[in-house]
Structure formats: structure tokens, C-alpha cells
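What follows is a set of notes on a single structure, which appears directly below.
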Amino acid sequence: MGYCIDGLLLRCVHCDEMTDVHTPEQRSFNMSRISGRDTKPEMLVRRMIHAAGFRYRLHVKDLPGKPDLVFPKARLVLFVHGCFWHMHKCKYGKPAPANNRDFWAQKRAGNADRDKRNRKALQAAGWRVAEIWECQTKEAAKLEKQVSKVLAVLQEART
Ligand SMILES: [Zn+2]
């Protein structure tokens, strides 16, 4: 474990990369990710799906990309991605840190490439791959829309 000057530590839930990268704009957005695995966006999604009566396995290590939620019967995996680390095309995914720009840009690009490869590998193995982005969990309406898509697939598989 390491600490940056003001004690803020960030960890990517998927690759376990840790860094003290932060810009003032991103600080509050990334705050929720400090504790690592059970990050707030993921917990929100998990709670909603659980409340709808569906059960899942978590962070399944033997699947490509260690999907956050796995629904074996529906053959569905769900990733809850952090926008910054996984380079979402949104305002949170775009800005590059002021220091070590190239180094971090490369790391993030590497994550995005890996995500793509994992998605293909999962699909090739017959899995449906769903993604919910961190920014989509910030507004109740957006979050509900994304989760309801997942629930629709699960409901279909149950009948
Ligand atoms: Zn985003």
C-alpha cells in the first residue's frame, strides 16, 4: 500500500492497480472507489438486482476479466466499470492526470484493450456481456434504465 501526499489512494477493482492519480475535478468522483472491491457503484447495482429477487456470483476469477456479477443460469455477466480506469467516453473517462501523463494514459488504454479482449472471450464462450458505467449510477433514472435491461434478460432466462 502506498499513500500520496494528501492520503488519497485509488484502486482499480479489475486490475488491482493502485495510484495516487487525481485531479481536483475527479477527486470527488473517484472518492467512492478508494475502498477497492465493493465500490459504491457496484453496491448500488448489486442491491437493486438483489432486491428484484435475482442472485449472482461475485468476481468470478475463472472467467475472463473477473466479472463483477455472474448469473450462470442466464449465462450473463455484468461489469460495473469505473469511467476513469476503463476510459469511458464520458467526461469522467476523458481527462488525463496532470503528472506522468503518458504512463497513466498507457495504463488506462491497456485496461480498455483488456476489457475488449475479455468481452470477446466471454462472448465466444457463450456469455452475454452487460456493462454498467460508474457515471450511469450517478443518476437514479439512468441507473434504473441500465439495471432494468439486465433484469429483463434475467427474467427471460427464468421463464
Ligand atoms: Zn462514464
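Residues in the C-alpha cells are named by chain (A, B, ... in the order shown) and by number from 1 within that chain; ligands are numbered from 1 in the order shown.
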- Task: Kindly compile the residues surrounding ligand 1 within 7 Å, counting only C-alpha atoms and all ligand atoms, and format them as a ChimeraX atom specification.
- Result: /A:83,88-93,133-136
- Task: Using only C-alpha atoms, pick whichever of A:Val70, A:Val150, A:Met43, A:Ala109 has the shortest atom-to-atom distance to Trp127 (chain A).
- Result: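 Answer, going by the shortest atom-to-atom distance: A:Val70.
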- Task: Work out how far CA of Ala52 (chain A) is from CA of Asn118 (chain A), in Å to one decimal.
- Result: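 If I compute the distance from CA of Asn118 (chain A) to CA of Ala52 (chain A), I get 27.5 Å.
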